$ cat final07.pdb   # PDB, C-alpha atoms
ATOM      1  CA  MET A  13     -22.912 -13.957 -39.631
ATOM      2  CA  THR A  14     -24.569 -16.577 -37.481
ATOM      3  CA  LYS A  15     -27.359 -18.077 -39.571
ATOM      4  CA  ASP A  16     -29.002 -20.198 -36.869
ATOM      5  CA  ALA A  17     -29.484 -17.214 -34.575
ATOM      6  CA  ALA A  18     -31.634 -17.661 -31.506
ATOM      7  CA  ALA A  19     -34.792 -15.570 -31.483
ATOM      8  CA  VAL A  20     -37.836 -15.224 -29.256
ATOM      9  CA  GLN A  21     -41.417 -14.146 -29.800
ATOM     10  CA  GLU A  22     -42.861 -10.966 -28.277
ATOM     11  CA  GLN A  23     -44.956 -13.086 -25.873
ATOM     12  CA  THR A  24     -42.053 -15.245 -24.632
ATOM     13  CA  PRO A  25     -41.767 -14.988 -20.820
ATOM     14  CA  VAL A  26     -38.555 -13.226 -19.740
ATOM     15  CA  ALA A  27     -37.539 -16.272 -17.664
ATOM     16  CA  GLU A  28     -37.565 -18.308 -20.882
ATOM     17  CA  VAL A  29     -35.641 -15.564 -22.738
ATOM     18  CA  ALA A  30     -32.974 -15.628 -20.012
ATOM     19  CA  ALA A  31     -32.807 -19.438 -20.174
ATOM     20  CA  ILE A  32     -32.322 -19.366 -23.966
ATOM     21  CA  MET A  33     -29.613 -16.727 -23.713
ATOM     22  CA  GLY A  34     -27.868 -18.650 -20.943
ATOM     23  CA  ALA A  35     -28.056 -22.009 -22.715
ATOM     24  CA  ARG A  36     -26.600 -20.536 -25.918
ATOM     25  CA  SER A  37     -24.054 -18.343 -24.115
ATOM     26  CA  ILE A  38     -25.280 -15.232 -25.901
ATOM     27  CA  SER A  39     -25.749 -11.712 -24.584
ATOM     28  CA  GLY A  40     -28.676 -10.693 -26.760
ATOM     29  CA  VAL A  41     -31.520 -12.059 -28.858
ATOM     30  CA  PRO A  42     -33.844 -10.636 -31.548
ATOM     31  CA  VAL A  43     -37.565 -10.458 -30.764
ATOM     32  CA  LEU A  44     -40.050 -11.396 -33.502
ATOM     33  CA  ASP A  45     -43.734 -10.587 -33.867
ATOM     34  CA  ASP A  46     -46.347 -13.227 -34.743
ATOM     35  CA  GLN A  47     -45.761 -12.811 -38.486
ATOM     36  CA  GLY A  48     -41.962 -13.108 -38.196
ATOM     37  CA  PRO A  49     -40.447  -9.621 -38.633
ATOM     38  CA  VAL A  50     -37.901  -8.423 -36.066
ATOM     39  CA  THR A  51     -39.557  -5.904 -33.755
ATOM     40  CA  GLY A  52     -36.878  -5.501 -31.093
ATOM     41  CA  VAL A  53     -33.815  -6.924 -29.385
ATOM     42  CA  ILE A  54     -33.273  -8.006 -25.796
ATOM     43  CA  SER A  55     -29.774  -7.765 -24.355
ATOM     44  CA  GLU A  56     -28.276  -8.303 -20.929
ATOM     45  CA  LYS A  57     -28.464  -4.521 -20.519
ATOM     46  CA  ASP A  58     -32.252  -4.648 -20.942
ATOM     47  CA  PHE A  59     -32.542  -7.198 -18.131
ATOM     48  CA  LEU A  60     -30.297  -5.127 -15.872
ATOM     49  CA  ARG A  61     -32.197  -1.902 -16.647
ATOM     50  CA  GLU A  62     -35.522  -3.559 -15.813
ATOM     51  CA  MET A  63     -34.113  -4.890 -12.528
ATOM     52  CA  GLY A  64     -33.059  -1.369 -11.546
ATOM     53  CA  VAL A  65     -29.325  -1.934 -11.874
ATOM     54  CA  GLY A  66     -28.876   0.979 -14.266
ATOM     55  CA  ALA A  67     -25.629   1.634 -16.054
ATOM     56  CA  GLN A  68     -23.096   0.005 -13.752
ATOM     57  CA  GLN A  69     -19.608   0.566 -15.079
ATOM     58  CA  ASN A  70     -18.202  -2.912 -14.484
ATOM     59  CA  PHE A  71     -18.975  -6.367 -13.170
ATOM     60  CA  MET A  72     -17.910  -5.650  -9.587
ATOM     61  CA  ALA A  73     -20.118  -2.541  -9.501
ATOM     62  CA  MET A  74     -23.045  -4.831 -10.375
ATOM     63  CA  VAL A  75     -22.022  -7.304  -7.677
ATOM     64  CA  ALA A  76     -21.893  -4.457  -5.154
ATOM     65  CA  PHE A  77     -25.344  -3.293  -6.253
ATOM     66  CA  PHE A  78     -26.804  -6.786  -5.859
ATOM     67  CA  LEU A  79     -25.212  -7.247  -2.438
ATOM     68  CA  GLN A  80     -26.537  -3.904  -1.194
ATOM     69  CA  THR A  81     -30.059  -4.482  -2.487
ATOM     70  CA  LYS A  82     -32.629  -5.853  -0.107
ATOM     71  CA  GLY A  83     -34.904  -8.398  -1.683
ATOM     72  CA  TYR A  84     -34.895 -10.180  -4.974
ATOM     73  CA  VAL A  85     -33.838  -7.794  -7.792
ATOM     74  CA  ALA A  86     -35.406  -9.924 -10.560
ATOM     75  CA  LEU A  87     -38.843  -9.934  -8.922
ATOM     76  CA  PRO A  88     -40.116  -6.813 -10.761
ATOM     77  CA  ILE A  89     -39.639  -8.476 -14.167
ATOM     78  CA  LYS A  90     -40.591 -12.046 -13.335
ATOM     79  CA  SER A  91     -44.093 -11.750 -14.808
ATOM     80  CA  LYS A  92     -43.048  -9.797 -17.915
ATOM     81  CA  VAL A  93     -42.726 -10.990 -21.500
ATOM     82  CA  ALA A  94     -40.133 -10.146 -24.154
ATOM     83  CA  ARG A  95     -42.177  -7.265 -25.583
ATOM     84  CA  ASP A  96     -42.146  -5.566 -22.166
ATOM     85  CA  ILE A  97     -38.352  -5.285 -21.863
ATOM     86  CA  MET A  98     -37.040  -5.324 -25.447
ATOM     87  CA  SER A  99     -35.250  -2.349 -26.963
ATOM     88  CA  THR A 100     -37.130  -0.872 -29.899
ATOM     89  CA  PRO A 101     -37.016  -0.113 -32.682
ATOM     90  CA  ALA A 102     -34.635  -2.872 -33.661
ATOM     91  CA  LEU A 103     -31.631  -1.728 -35.657
ATOM     92  CA  VAL A 104     -31.372  -4.236 -38.497
ATOM     93  CA  VAL A 105     -29.269  -4.716 -41.627
ATOM     94  CA  SER A 106     -29.565  -6.746 -44.810
ATOM     95  CA  SER A 107     -27.106  -9.382 -45.959
ATOM     96  CA  GLU A 108     -25.934  -6.811 -48.509
ATOM     97  CA  THR A 109     -24.965  -4.185 -45.904
ATOM     98  CA  PRO A 110     -21.189  -3.548 -46.001
ATOM     99  CA  GLN A 111     -19.214  -4.638 -42.933
ATOM    100  CA  ALA A 112     -17.893  -1.111 -42.417
ATOM    101  CA  GLU A 113     -21.464   0.183 -42.182
ATOM    102  CA  ILE A 114     -22.423  -2.569 -39.721
ATOM    103  CA  ALA A 115     -19.364  -1.756 -37.598
ATOM    104  CA  ALA A 116     -20.365   1.921 -37.606
ATOM    105  CA  ILE A 117     -23.925   1.041 -36.543
ATOM    106  CA  CYS A 118     -22.569  -1.000 -33.623
ATOM    107  CA  ALA A 119     -20.085   1.672 -32.559
ATOM    108  CA  ASN A 120     -22.437   4.638 -32.930
ATOM    109  CA  SER A 121     -25.360   2.892 -31.214
ATOM    110  CA  GLY A 122     -23.415   1.141 -28.464
ATOM    111  CA  ILE A 123     -24.783  -2.263 -29.459
ATOM    112  CA  ASN A 124     -22.985  -5.600 -29.748
ATOM    113  CA  ARG A 125     -25.109  -7.358 -32.342
ATOM    114  CA  VAL A 126     -27.303  -6.514 -35.332
ATOM    115  CA  PRO A 127     -30.057  -8.775 -36.695
ATOM    116  CA  VAL A 128     -29.806  -9.486 -40.434
ATOM    117  CA  VAL A 129     -33.192  -9.483 -42.159
ATOM    118  CA  ASP A 130     -34.595 -10.196 -45.612
ATOM    119  CA  GLN A 131     -36.686  -7.711 -47.608
ATOM    120  CA  ASP A 132     -39.766  -8.642 -45.530
ATOM    121  CA  GLY A 133     -38.004  -7.915 -42.231
ATOM    122  CA  ARG A 134     -37.694 -11.607 -41.338
ATOM    123  CA  LEU A 135     -34.624 -12.778 -39.461
ATOM    124  CA  VAL A 136     -31.985 -14.574 -41.544
ATOM    125  CA  GLY A 137     -29.090 -14.270 -39.086
ATOM    126  CA  ILE A 138     -27.225 -12.034 -36.698
ATOM    127  CA  ILE A 139     -23.869 -10.283 -36.893
ATOM    128  CA  SER A 140     -21.983  -9.614 -33.671
ATOM    129  CA  ARG A 141     -18.960  -7.441 -32.981
ATOM    130  CA  GLY A 142     -17.040 -10.709 -32.654
ATOM    131  CA  ASP A 143     -18.088 -11.699 -36.188
ATOM    132  CA  LEU A 144     -16.834  -8.350 -37.471
ATOM    133  CA  GLY A 145     -13.518  -8.763 -35.657
ATOM    134  CA  ARG A 146     -13.005 -12.260 -37.043
ATOM    135  CA  ALA A 147     -13.850 -11.057 -40.554
ATOM    136  CA  ARG A 148     -11.112  -8.434 -40.312
ATOM    137  CA  SER A 149      -8.487 -11.017 -39.355
ATOM    138  CA  PRO A 150      -6.077 -12.008 -42.136
ATOM    139  CA  GLY A 151      -7.400 -14.970 -44.065
ATOM    140  CA  ALA A 152     -10.847 -14.793 -42.460
ATOM    141  CA  ARG A 153     -13.987 -15.151 -44.517
ATOM    142  CA  THR A 154     -16.328 -12.213 -44.771
ATOM    143  CA  CYS A 155     -19.842 -12.242 -43.310
TER     144      CYS A 155
END

$ encode --input "final07.pdb" --output "structure tokens"
Amino acid sequence: MTKDAAAVQEQTPVAEVAAIMGARSISGVPVLDDQGPVTGVISEKDFLREMGVGAQQNFMAMVAFFLQTKGYVALPIKSKVARDIMSTPALVVSSETPQAEIAAICANSGINRVPVVDQDGRLVGIISRGDLGRARSPGARTC
């Protein structure tokens, strides 16, 4: 589990969300409301969906889409905030959730990360598929 997980507020402009994700080399980020609970998650897929890319099957299919599109594909979301493009409701787990259950949530939901919350729904970390894979490696620590 990554304890110093990046997070954004519901009112964070999407340009700032993208900058945070890019700077931290992450593909998704939890979205918090004003009181702190996790209300959603924004992933690269959410950005692509909002830009009209849809469910391209691979990177080169996205490149082809961008090259065939006239205009600036990010323009429709430029004025939006995190709340406007986040996926909801957020699937979350507690620090007590077994790794096998977290892996099943990721696999069954097609997601790559799950926010870890306390009993009040406040973010305490995030578990990614990579974390789960490393935890399964011989000699690796558990989440």

$ closest_residue --input "final07.pdb" --among "A:Leu44, A:Ile114, A:Val129, A:Met98" --to "Asp143 in chain A" --atoms "all atoms listed in the file"
A:Ile114

$ atom_distance --input "final07.pdb" --atom1 "CA of Thr24 in chain A" --atom2 "CA of Ser39 in chain A"
16.7 Å

$ atom_distance --input "final07.pdb" --atom1 "CA of Ala94 in chain A" --atom2 "CA of Asn120 in chain A"
24.7 Å

$ closest_residue --input "final07.pdb" --among "A:Lys15, A:Arg141, A:Arg134, A:Lys90" --to "Ile117 in chain A" --atoms "all atoms listed in the file"
A:Arg141

$ residues_around --input "final07.pdb" --residues "Met13 in chain A" --least-positions-apart "2" --cutoff "10 Å" --atoms "all atoms listed in the file" --output "PDB file with C-alpha atoms, in the frame of the given file"
ATOM      1  CA  LYS A  15     -27.359 -18.077 -39.571  1.00  0.00           C
ATOM      2  CA  ASP A  16     -29.002 -20.198 -36.869  1.00  0.00           C
ATOM      3  CA  ALA A  17     -29.484 -17.214 -34.575  1.00  0.00           C
ATOM      4  CA  SER A 107     -27.106  -9.382 -45.959  1.00  0.00           C
ATOM      5  CA  VAL A 126     -27.303  -6.514 -35.332  1.00  0.00           C
ATOM      6  CA  PRO A 127     -30.057  -8.775 -36.695  1.00  0.00           C
ATOM      7  CA  VAL A 128     -29.806  -9.486 -40.434  1.00  0.00           C
ATOM      8  CA  VAL A 136     -31.985 -14.574 -41.544  1.00  0.00           C
ATOM      9  CA  GLY A 137     -29.090 -14.270 -39.086  1.00  0.00           C
ATOM     10  CA  ILE A 138     -27.225 -12.034 -36.698  1.00  0.00           C
ATOM     11  CA  ILE A 139     -23.869 -10.283 -36.893  1.00  0.00           C
ATOM     12  CA  SER A 140     -21.983  -9.614 -33.671  1.00  0.00           C
ATOM     13  CA  GLY A 142     -17.040 -10.709 -32.654  1.00  0.00           C
ATOM     14  CA  ASP A 143     -18.088 -11.699 -36.188  1.00  0.00           C
ATOM     15  CA  LEU A 144     -16.834  -8.350 -37.471  1.00  0.00           C
ATOM     16  CA  ALA A 147     -13.850 -11.057 -40.554  1.00  0.00           C
ATOM     17  CA  THR A 154     -16.328 -12.213 -44.771  1.00  0.00           C
ATOM     18  CA  CYS A 155     -19.842 -12.242 -43.310  1.00  0.00           C
TER      19      CYS A 155
END
